[in-house]
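Student: Quick one: the structure is below, questions incoming.
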Amino acid sequence: MAKRFDYNEYEKDMLERFETAAAAYEGDMEHPARSEATKDSIILSCKWGDPWNPLWSEEEYAKKTKWGGIIAMPLYTDRVDIFSYWSTIAPEGGFIDHNLYGGTWTKLKPVRPGDTFRVYQHRPTLTDISSMEGDDEPRTFGFVERNSDVYNQYGELVSSHQHLLDIIIRPEAKQAIADALPFEDHVYSEEELAYIDEVIRKEVIRGAEKRYYEDVTVGERLADITIGPTTAMDMMAYYASHEEIPVAPMRVFRGEKGEGGVILDPATNVTHYAAE
């Protein structure tokens, strides 16, 4: 039974260590390896997030737009954020689980090749959101980390970002949690995969061509879009784009190189790199 603000010795120790560490993550910081936007890093980042928009990767196309050249895709500044402190607890007190709820982004300025960055990291926070009365639910904290403001070389605020999670202290074994998951893998049919491929092929690339509100009508169906199904290699491609290692997500690989070197997941029918 977890009651808000009523902590055992292990939870108290965890919170004390968190507050000490959190103080060290507040202030002006600069990522040691990614404090400058290069054209190569901008192009590689878009390979995962949005490889179909030439505004991020094709210089001659980008020159014809109002931007006058390549700019980074909006989530590019995620790569310059400073990862903050993660809570830990003594094994006797349980283990740390979490849910990721996403992030809040404010984008104010475009990023161009040659821009440099300074990051102001706000202090990460844990807020106890356990029951006030105490019940059978585990101890739960709201966790805000990577709460960052990114500035460029002109002192302009480029973007702000908050990473939002919860932190759960679970007393039971990890395997018990895994066994209790209330869902099964979805098995994709050939028809579903063909539909996903068709949605990708029909996606309209915009940038030089503006679309105004007069071009659409109330009740008009929006075109379907997709970024899935995702695999472990897709996530590797995302993180590789941060580290400037040229790994392509699966559907880019399939589109450019065919089916060679891939295997079918027997549980989901989704293609994977054999190397996974």
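By order of appearance in the structure tokens: chains A, B, ..., then residues from 1 within every chain, and ligands from 1 in the order shown.
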As a ChimeraX atom specification, please: every residue in segment 78-180 of chain A that DSSP puts in helix (DSSP H, G or I).
Tutor: /A:78-80,91-93,174-179
Student: Can you write just those residues out, C-alpha atoms, as a compact mmCIF listing (two decimals), in the first residue's frame?
Tutor:
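New file selection.txt:
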# COMPACT_ATOMS: atom_id res chain seq x y z
CA ASP A 78 16.39 16.71 -29.45
CA ARG A 79 19.94 15.59 -30.25
CA VAL A 80 21.54 18.48 -28.36
CA PRO A 91 17.04 -3.81 -4.72
CA GLU A 92 15.46 -4.45 -1.33
CA GLY A 93 13.03 -1.58 -2.02
CA LYS A 174 10.25 -7.92 -13.39
CA GLN A 175 9.16 -11.21 -14.95
CA ALA A 176 5.87 -11.07 -13.09
CA ILE A 177 5.21 -7.69 -14.71
CA ALA A 178 6.10 -9.02 -18.15
CA ASP A 179 3.81 -12.02 -17.71
Student: I want to know what sits within 12 Å of Pro54 of chain A, based on only C-alpha atoms, with residues of the same chain fewer than 2 positions away left out; could you give that as a PyMOL selection string?
Tutor: chain A and resi 42-43+46-47+50-52+56-65+69-73+204-209
Student: Between A:Ser189, A:Gln162, A:Thr77, A:Ser35, which has the minimum distance to Gly102 of chain A (counting only C-alpha atoms)?
Tutor: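 Distance minimum relative to Gly102 of chain A lands on A:Gln162.
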Student: Using atom CA of Asp234 of chain A and atom CA of Ser87 of chain A as the two end points, give the distance in Å to one decimal.
Tutor: 27.0 Å
Student: For Ala223 of chain A, find every residue with an atom within 8 Å (counting only C-alpha atoms), except residues of its own chain fewer than 2 positions away, and show them as a CSV table (one decimal) with N, CA and C atoms, in the first residue's frame.
Tutor:
chain,number,residue,atom,x,y,z
A,203,GLU,N,2.0,9.5,-50.1
A,203,GLU,CA,2.3,10.7,-49.3
A,203,GLU,C,2.8,11.9,-50.1
A,221,ARG,N,-11.9,14.4,-46.0
A,221,ARG,CA,-11.0,13.4,-45.4
A,221,ARG,C,-9.6,13.7,-45.6
A,225,ILE,N,-1.7,8.7,-42.9
A,225,ILE,CA,-0.2,8.7,-42.8
A,225,ILE,C,0.2,7.6,-41.8
Student: Quick one: of A:Glu30, A:Asp215, A:Glu156, A:Glu11, who's nearest to Phe95 of chain A, counting only C-alpha atoms?
Tutor: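 Selected residue with least distance to Phe95 of chain A: A:Glu11.
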Student: What is the atom CA of Leu108 of chain A to atom CA of Gly155 of chain A distance in Å?
Tutor: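 Value for the atom CA of Leu108 of chain A-atom CA of Gly155 of chain A distance: 12.5 Å.
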Student: Neighbouring residues of segment 133-142 of chain A were defined as those with any atom within 6 Å, considering only C-alpha atoms; residues of the same chain fewer than 6 positions away were excluded. Please report them as an mmCIF file with all heavy atoms, in the first residue's frame.
Tutor:
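File produced: result_6.cif:
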data_model
loop_
_atom_site.group_PDB
_atom_site.id
_atom_site.type_symbol
_atom_site.label_atom_id
_atom_site.label_comp_id
_atom_site.auth_asym_id
_atom_site.auth_seq_id
_atom_site.Cartn_x
_atom_site.Cartn_y
_atom_site.Cartn_z
ATOM 1 N N MET A 1 0.849 -1.193 0.000
ATOM 2 C CA MET A 1 0.000 0.000 0.000
ATOM 3 C C MET A 1 0.887 1.247 0.000
ATOM 4 O O MET A 1 1.731 1.407 0.871
ATOM 5 C CB MET A 1 -0.912 -0.009 1.233
ATOM 6 C CG MET A 1 -1.825 1.210 1.313
ATOM 7 S SD MET A 1 -2.911 1.162 2.767
ATOM 8 C CE MET A 1 -3.934 -0.255 2.385
ATOM 9 N N ALA A 2 0.703 2.103 -0.996
ATOM 10 C CA ALA A 2 1.517 3.313 -1.117
ATOM 11 C C ALA A 2 0.651 4.542 -0.863
ATOM 12 O O ALA A 2 -0.341 4.764 -1.556
ATOM 13 C CB ALA A 2 2.143 3.393 -2.506
ATOM 14 N N LYS A 3 1.021 5.310 0.137
ATOM 15 C CA LYS A 3 0.318 6.542 0.451
ATOM 16 C C LYS A 3 1.229 7.717 0.142
ATOM 17 O O LYS A 3 2.415 7.699 0.452
ATOM 18 C CB LYS A 3 -0.078 6.556 1.928
ATOM 19 C CG LYS A 3 -0.942 7.745 2.321
ATOM 20 C CD LYS A 3 -1.381 7.627 3.771
ATOM 21 C CE LYS A 3 -2.287 8.799 4.151
ATOM 22 N NZ LYS A 3 -2.725 8.696 5.568
ATOM 23 N N LEU A 126 10.712 15.291 -9.549
ATOM 24 C CA LEU A 126 9.857 14.153 -9.216
ATOM 25 C C LEU A 126 8.707 14.673 -8.359
ATOM 26 O O LEU A 126 8.937 15.349 -7.356
ATOM 27 C CB LEU A 126 10.621 13.092 -8.423
ATOM 28 C CG LEU A 126 11.508 12.096 -9.167
ATOM 29 C CD1 LEU A 126 12.154 11.137 -8.172
ATOM 30 C CD2 LEU A 126 10.713 11.320 -10.199
ATOM 31 N N THR A 127 7.481 14.359 -8.750
ATOM 32 C CA THR A 127 6.308 14.775 -7.985
ATOM 33 C C THR A 127 5.503 13.543 -7.608
ATOM 34 O O THR A 127 5.065 12.784 -8.483
ATOM 35 C CB THR A 127 5.421 15.728 -8.813
ATOM 36 O OG1 THR A 127 6.199 16.859 -9.229
ATOM 37 C CG2 THR A 127 4.239 16.213 -8.000
ATOM 38 N N ASP A 166 6.293 8.787 -16.015
ATOM 39 C CA ASP A 166 6.078 8.504 -14.611
ATOM 40 C C ASP A 166 7.110 7.476 -14.165
ATOM 41 O O ASP A 166 7.663 6.729 -14.964
ATOM 42 C CB ASP A 166 4.640 8.057 -14.298
ATOM 43 C CG ASP A 166 4.248 6.754 -14.966
ATOM 44 O OD1 ASP A 166 5.132 5.982 -15.367
ATOM 45 O OD2 ASP A 166 3.032 6.500 -15.075
ATOM 46 N N ILE A 167 7.431 7.502 -12.899
ATOM 47 C CA ILE A 167 8.365 6.563 -12.284
ATOM 48 C C ILE A 167 7.571 5.735 -11.272
ATOM 49 O O ILE A 167 6.927 6.293 -10.382
ATOM 50 C CB ILE A 167 9.511 7.310 -11.564
ATOM 51 C CG1 ILE A 167 10.380 8.059 -12.575
ATOM 52 C CG2 ILE A 167 10.352 6.343 -10.748
ATOM 53 C CD1 ILE A 167 11.166 7.159 -13.500
ATOM 54 N N ILE A 168 7.605 4.427 -11.438
ATOM 55 C CA ILE A 168 6.828 3.526 -10.592
ATOM 56 C C ILE A 168 7.792 2.611 -9.836
ATOM 57 O O ILE A 168 8.708 2.033 -10.434
ATOM 58 C CB ILE A 168 5.869 2.663 -11.444
ATOM 59 C CG1 ILE A 168 4.979 3.557 -12.319
ATOM 60 C CG2 ILE A 168 5.016 1.760 -10.553
ATOM 61 C CD1 ILE A 168 4.230 2.799 -13.388
ATOM 62 N N ILE A 169 7.605 2.506 -8.530
ATOM 63 C CA ILE A 169 8.403 1.580 -7.726
ATOM 64 C C ILE A 169 7.603 0.302 -7.558
ATOM 65 O O ILE A 169 6.586 0.278 -6.846
ATOM 66 C CB ILE A 169 8.754 2.186 -6.359
ATOM 67 C CG1 ILE A 169 9.518 3.502 -6.539
ATOM 68 C CG2 ILE A 169 9.573 1.195 -5.533
ATOM 69 C CD1 ILE A 169 9.843 4.200 -5.238
#
Student: Run DSSP on the backbone and tell me which residues of segment 52-238 of chain A come out as strand (DSSP E); list them as an MDAnalysis selection string.
Tutor: chainID A and resid 95:107 117:121 125:128 139:152 157:170
Student: Atom CA of Lys107 of chain A to atom CA of Leu222 of chain A: how many Å, to one decimal?
Tutor: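 Taking atom CA of Lys107 of chain A and atom CA of Leu222 of chain A, their separation equals 24.3 Å.
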Student: Could you give me, as a PyMOL selection string, the residues within 9 Å of Thr88 of chain A, counting only C-alpha atoms and dropping anything in the same chain fewer than 4 positions from it?
Tutor: chain A and resi 14+17-18+95-96
